[in-house]
Structures are given as structure tokens and as C-alpha cells.
Amino acid sequence: MSSDKGVKSLWGGRFTGKLDPLMQLYNASFPYDKKMYAADIEGTRVYTAGLQKLGLLTEEELLEIHRGLAQILKEWESGIFEEKEDDEDIHTANERRLGEIIGRGVAGKVHTGRSRNDQVATDMRIYVREKLAELAKILKELINVLVSRAEAEIDILMPGYTHLQRAQPIRWSHWLLSYATYLKSDLQRLEQLIERVNLCPLGCGALAGHPYGIDREFLASELNFPGLIPNSLVAVSDRDFVVETMFWSSLFMNHLSRFSEDLIIYSTAEFGFIKLADAYSTGSSLMPQKKNADSLELLRGKSGRVFGSLAGFMMTLKSLPSTYDKDLQEDKEPLFDVLTTVSHSISIATGVISTLSADKEKMLAALTPDMLATDLADYLVRKGVPFRETHHISGSVVRLAEETGIPIDKLSLEQLKSVDARFSADVHQEVFDYEKSVERRTAIGGTSKSAILDQVARIRSSL
């Protein structure tokens, strides 16, 4: 099909009638796939070099094509690339502009043996691997901020929670490192994902393979792909890397959402453990006293947006026949949105954790003696009493404290002995001390100083 302006589409020879204007709009992907301009230009630069190796382009033609591509890249980068109404997608736009610069005769050769099916798959893999590498870089920065803060604020004690109920004393550093640990696993998965994304589909044509025997290993090497996809049917239609990118993003955003929920709770007046910097808070349009944790609430909220993109695209894929179908054009908008959302979210989370202030006194004040009930049981274990028995004894002491209205650490030795005669005079000194409690947790992964510093070293060595 040719438009009224005489600019040919890449698929027009079969058609004689005009395309419905609404269909033209419905069919176009240029408004969102144009962000892949650099990947598309690089793919064409290398592909044409492959054609020249086959003798399908002369050296002079190749130089002219590369000159034109370099000019197009400069136009995009400087913001002066002129978009046209007939630019259906980034491939059409770049080839159209190349024809304007070097002439349509030579420009018309760049698509020899190539389909938009392998072209778009190549563009996307180049684009996605670059974006994922950027995510890996800023994710490392977020992990480093968590680790550095954990090391600097190792002396702060706070309640640890299960079921959102106060459970046992831990270090604030332990909480920070819990999320550094989650994110370190996310980073490892991301690096593995990049390896799977980084495979070259170029040189497979529409589906059946290249008719001129192009050197696909040359194309892969020149495009910095360490490997290629060995089946042409898969090469042009595989979008597992899109799904996996969105799955990785969903799991990562789940971790950020939980991280945000904890901090939202800790920032409330009821807790008061942390205070967000003004740069990451907003106020109320009605209540002047309010300081809202909107940065964290948006992190929590945007996780649902990412999950939705994954679920939506999975529904697009689930019933597609092989190989390429136009449904696959629906991969780009959710993918690009997810990559942008995750990038912004990492930066916001890094800013939040870098600038918030921790209230050591309020965290310490939130600790209560009943949180040492397990330590009381452990005290008797060290005297040779079986833990199942000491657990029951400690529970009886807790009940006695509740019935008498006396905090567990204020019960007299006589009252403790009334529950079990094996309590000794050192019980108060040995048990009812929060610092001693956390310092007993010396095993790998625990909340003692030595265990915290070991976690810091392990995470840093993995980055």
C-alpha cells in the first residue's frame, strides 16, 4: 500500500486499496517504539555489513548507508528527527529517512532478506539488555545504601515483629539488611535474566531463515550478543524475555512494596521509629499538620501496576499460534512502562532510605520486657532443662505477670521460684537486658553485632 503522499510502507505491494485511517492509527506502534531508535539504527548498521560480506551491497553502498544512519542517529539524539504521518513504526521511520538522505535506491537494499519480525526482536533485545544493565547499576546503589546505613547504625535496637506483633528485640541494622538480602537475590536474578535476554535473533527473516545465507554469528558478535537463537521460528516470535523481565520486575516490586509498608508503619505517630525527609513527603490540602509518606505509598501502589502489566501480557501470549502474530505488538507498551516504573522506584527508594532519620530513643522505648520471654526459657535451657519444659515455664511466668499486673522483669525472685525452683539469683541480670538478648544471637544470620557485620561483609563481597 502507498499513502497519498507517495511514501511506501514496508509491506505495500500486495495491496491496492487505502488503509482505513482508524486502522492506520490502530496498527501504528511508532508513538511508543520510537524510543528504540538507537537499537534499530545499530541493528541496521550491522545487518548491512553482513549483506556486504555476501556481496549484496558494494563497499561504496555500505559506506553511504552507514553515513546516512549516523546522520539519523544524530537527528534523534538532538531532537530534530522529523516524524511523518506515515511512519508506522521505528523501522519504517528510519528507513524512510535513510532514503531521503542517500536516495531510495540504495536505502531500499537495507531490508534485503530481513523481516520486521527479526528486526523488532533484535531491537527489543538490544534495548532491554541496556535498560536491565542500568537497573542492575542503580539497584547495587540501593543495596549499598542499605548496607552502609546498617553498618553506621548498628547500635540501634528495635522490636522485631511477627504477625505485626512485637516478638523479640533486634537491631535496626538487622531490618535494613533483611531488605538488602532480598534485593541482593533480586540482583542475582537480574544478572541471570540479562544473560537470557542477550541472544541474537537477527538473520532469521520472517520465520523460515535467511535466503542468502547471512553469517548470523557475525551479526551476533558485532551486536555484542554472546550467543544467538538457533531456531528461526523461535527467534522471530519468542517473547519469553519480555515476560521474564516483567516477572522479575513484579517480584522486585513486591519486595519494595513490603519494604515501603514497613516504613509507612514505622513513620506513623503510633510508632515514630523513623521520620521521612521533606523531599520524600507531602502534605494535606486540608490538614496543615499532616506529613504523608507519599513516596512510600506510591512505591507500594506502583507494584500493582507492574503486576498488572505482567498479567495482561500473559493473557496476550497464552493462545497465540506460532510464530509471529500482530498480537505481539502489545509487548512494548507494558514492557516499557514496567522498565520505567522500576527504574524510578529504585531511585525513589534509594532517596528515601538515604535521607530518613531513625529515632533511637523511640525504638528502644518500644521494647517491652515480655519480649524477653524466650530469653527466660533459654536461661533455664542453659541450666539443663529441656526447652519444651522451659517454654511452658516461661509461659506460666508471663501469665503470672499479667495476673499480678507486674512487668515480667519486676517479678521478684520468690515469685519466679514459685513457678519453678530452678530460677537463681542471677536471673534478672542474665535475662532482662535487651543488649544481652540481641548479642546472644551470634549464629550466621542473627542480630548480634558480629552476625550483623558478617552479613554486611557477605553482601558487599557479592556486589
# chains A, B, ... in the order shown; residues from 1 in each chain; ligands from 1

call {"tool": "select_by_dssp", "arguments": {"residues": "stretch 198-404 of chain A", "states": "strand (DSSP E)", "output": "NGL selection string"}}
result
:A and (199-200 or 227-228 or 274-275 or 357-358)

call {"tool": "write_last_selection", "arguments": {"atoms": "all heavy atoms", "output": "PDB file, in the first residue's frame"}}
result
ATOM      1  N   LEU A 199      20.573 -12.742  23.564  1.00  0.00           N
ATOM      2  CA  LEU A 199      20.748 -13.701  22.481  1.00  0.00           C
ATOM      3  C   LEU A 199      20.227 -13.070  21.195  1.00  0.00           C
ATOM      4  O   LEU A 199      19.198 -12.402  21.200  1.00  0.00           O
ATOM      5  CB  LEU A 199      19.990 -14.999  22.775  1.00  0.00           C
ATOM      6  CG  LEU A 199      20.468 -15.798  23.987  1.00  0.00           C
ATOM      7  CD1 LEU A 199      19.517 -16.952  24.264  1.00  0.00           C
ATOM      8  CD2 LEU A 199      21.882 -16.311  23.781  1.00  0.00           C
ATOM      9  N   CYS A 200      20.923 -13.297  20.111  1.00  0.00           N
ATOM     10  CA  CYS A 200      20.639 -12.591  18.858  1.00  0.00           C
ATOM     11  C   CYS A 200      19.633 -13.339  17.971  1.00  0.00           C
ATOM     12  O   CYS A 200      19.860 -14.493  17.616  1.00  0.00           O
ATOM     13  CB  CYS A 200      21.938 -12.387  18.083  1.00  0.00           C
ATOM     14  SG  CYS A 200      21.713 -11.431  16.568  1.00  0.00           S
ATOM     15  N   GLY A 227      25.633 -14.935  22.170  1.00  0.00           N
ATOM     16  CA  GLY A 227      25.098 -16.122  21.523  1.00  0.00           C
ATOM     17  C   GLY A 227      23.936 -15.741  20.626  1.00  0.00           C
ATOM     18  O   GLY A 227      23.505 -14.580  20.578  1.00  0.00           O
ATOM     19  N   LEU A 228      23.409 -16.734  19.914  1.00  0.00           N
ATOM     20  CA  LEU A 228      22.264 -16.471  19.044  1.00  0.00           C
ATOM     21  C   LEU A 228      21.163 -17.497  19.311  1.00  0.00           C
ATOM     22  O   LEU A 228      21.396 -18.534  19.947  1.00  0.00           O
ATOM     23  CB  LEU A 228      22.679 -16.462  17.579  1.00  0.00           C
ATOM     24  CG  LEU A 228      23.498 -17.636  17.022  1.00  0.00           C
ATOM     25  CD1 LEU A 228      22.621 -18.832  16.715  1.00  0.00           C
ATOM     26  CD2 LEU A 228      24.232 -17.203  15.753  1.00  0.00           C
ATOM     27  N   ILE A 274      10.825   6.233  62.630  1.00  0.00           N
ATOM     28  CA  ILE A 274      11.572   6.953  61.601  1.00  0.00           C
ATOM     29  C   ILE A 274      10.841   8.239  61.234  1.00  0.00           C
ATOM     30  O   ILE A 274       9.637   8.385  61.495  1.00  0.00           O
ATOM     31  CB  ILE A 274      11.772   6.105  60.332  1.00  0.00           C
ATOM     32  CG1 ILE A 274      10.417   5.821  59.661  1.00  0.00           C
ATOM     33  CG2 ILE A 274      12.529   4.826  60.631  1.00  0.00           C
ATOM     34  CD1 ILE A 274      10.524   5.353  58.230  1.00  0.00           C
ATOM     35  N   LYS A 275      11.566   9.134  60.615  1.00  0.00           N
ATOM     36  CA  LYS A 275      10.974  10.363  60.078  1.00  0.00           C
ATOM     37  C   LYS A 275      11.500  10.534  58.656  1.00  0.00           C
ATOM     38  O   LYS A 275      12.714  10.544  58.430  1.00  0.00           O
ATOM     39  CB  LYS A 275      11.343  11.563  60.940  1.00  0.00           C
ATOM     40  CG  LYS A 275      10.702  12.868  60.466  1.00  0.00           C
ATOM     41  CD  LYS A 275      11.095  14.028  61.366  1.00  0.00           C
ATOM     42  CE  LYS A 275      10.450  13.906  62.741  1.00  0.00           C
ATOM     43  NZ  LYS A 275      10.714  15.109  63.582  1.00  0.00           N
ATOM     44  N   SER A 357      15.474   9.732  58.927  1.00  0.00           N
ATOM     45  CA  SER A 357      16.166   9.708  60.210  1.00  0.00           C
ATOM     46  C   SER A 357      15.529   8.657  61.110  1.00  0.00           C
ATOM     47  O   SER A 357      14.304   8.509  61.139  1.00  0.00           O
ATOM     48  CB  SER A 357      16.111  11.080  60.886  1.00  0.00           C
ATOM     49  OG  SER A 357      14.769  11.499  61.054  1.00  0.00           O
ATOM     50  N   ALA A 358      16.365   7.899  61.803  1.00  0.00           N
ATOM     51  CA  ALA A 358      15.889   6.862  62.725  1.00  0.00           C
ATOM     52  C   ALA A 358      15.913   7.401  64.151  1.00  0.00           C
ATOM     53  O   ALA A 358      16.895   8.030  64.570  1.00  0.00           O
ATOM     54  CB  ALA A 358      16.770   5.621  62.616  1.00  0.00           C
TER      55      ALA A 358
END

call {"tool": "residues_around", "arguments": {"residues": "A:Trp175", "least_positions_apart": "4", "cutoff": "9 Å", "atoms": "only C-alpha atoms", "output": "PyMOL selection string"}}
result
chain A and resi 150+160+170-171+179-180

call {"tool": "closest_residue", "arguments": {"among": "A:Lys326, A:His66, A:His428, A:Arg440", "to": "A:Leu376", "atoms": "only C-alpha atoms"}}
result
A:His428

call {"tool": "closest_residue", "arguments": {"among": "A:Ser322, A:Ser461, A:Thr374, A:Thr341", "to": "A:Ser394", "atoms": "only C-alpha atoms"}}
result
A:Thr374

call {"tool": "residues_around", "arguments": {"residues": "A:His391", "least_positions_apart": "3", "cutoff": "9 Å", "atoms": "only C-alpha atoms", "output": "count of residues only"}}
result
11

call {"tool": "residues_around", "arguments": {"residues": "stretch 29-35 of chain A", "least_positions_apart": "4", "cutoff": "6 Å", "atoms": "only C-alpha atoms", "output": "list in words"}}
result
Glu88, Asp89 and Ile90 of chain A

call {"tool": "write_last_selection", "arguments": {"atoms": "C-alpha atoms", "output": "compact mmCIF listing (two decimals), in the first residue's frame"}}
result
# COMPACT_ATOMS: atom_id res chain seq x y z
CA GLU A 88 4.08 3.21 11.11
CA ASP A 89 6.91 2.17 13.39
CA ILE A 90 10.52 2.97 14.18

call {"tool": "select_by_dssp", "arguments": {"residues": "stretch 133-237 of chain A", "states": "alpha helix (DSSP H)", "output": "PyMOL selection string"}}
result
chain A and resi 133-152+172-197+216-222+232-237

call {"tool": "residues_around", "arguments": {"residues": "stretch 292-300 of chain A", "least_positions_apart": "4", "cutoff": "12 Å", "atoms": "only C-alpha atoms", "output": "number ranges by chain"}}
result
A: 250, 252-269, 274-285, 287-288, 304-307, 341-353, 356

call {"tool": "closest_residue", "arguments": {"among": "A:Ser303, A:Thr112, A:Asn27, A:Ser232", "to": "A:Tyr324", "atoms": "only C-alpha atoms"}}
result
A:Ser232

call {"tool": "residues_around", "arguments": {"residues": "A:Gly108", "least_positions_apart": "4", "cutoff": "9 Å", "atoms": "only C-alpha atoms", "output": "mmCIF file with N, CA, C and O atoms, in the first residue's frame"}}
result
data_model
loop_
_atom_site.group_PDB
_atom_site.id
_atom_site.type_symbol
_atom_site.label_atom_id
_atom_site.label_comp_id
_atom_site.auth_asym_id
_atom_site.auth_seq_id
_atom_site.Cartn_x
_atom_site.Cartn_y
_atom_site.Cartn_z
ATOM 1 N N GLU A 95 14.020 3.873 7.965
ATOM 2 C CA GLU A 95 14.297 3.543 6.564
ATOM 3 C C GLU A 95 13.799 4.646 5.634
ATOM 4 O O GLU A 95 14.455 4.961 4.627
ATOM 5 N N GLY A 99 16.253 6.857 3.118
ATOM 6 C CA GLY A 99 16.009 7.086 1.693
ATOM 7 C C GLY A 99 16.067 8.550 1.325
ATOM 8 O O GLY A 99 16.533 8.917 0.233
ATOM 9 N N GLY A 103 19.077 8.469 -0.862
ATOM 10 C CA GLY A 103 18.354 8.021 -2.046
ATOM 11 C C GLY A 103 17.701 6.682 -1.805
ATOM 12 O O GLY A 103 18.285 5.795 -1.170
ATOM 13 N N ARG A 104 16.495 6.531 -2.334
ATOM 14 C CA ARG A 104 15.727 5.335 -2.056
ATOM 15 C C ARG A 104 16.272 4.100 -2.759
ATOM 16 O O ARG A 104 15.997 2.966 -2.332
ATOM 17 N N THR A 112 17.017 -6.243 2.557
ATOM 18 C CA THR A 112 17.184 -7.486 1.804
ATOM 19 C C THR A 112 17.316 -8.678 2.747
ATOM 20 O O THR A 112 18.231 -8.732 3.579
#

call {"tool": "closest_residue", "arguments": {"among": "A:Leu380, A:Leu335, A:Glu83, A:Phe218", "to": "A:Leu51", "atoms": "only C-alpha atoms"}}
result
A:Phe218

call {"tool": "atom_distance", "arguments": {"atom1": "atom CA of A:Leu63", "atom2": "atom CA of A:Val106"}}
result
10.8 Å

call {"tool": "closest_residue", "arguments": {"among": "A:Ala133, A:Leu400, A:Ala167, A:Leu177", "to": "A:Arg149", "atoms": "only C-alpha atoms"}}
result
A:Leu177
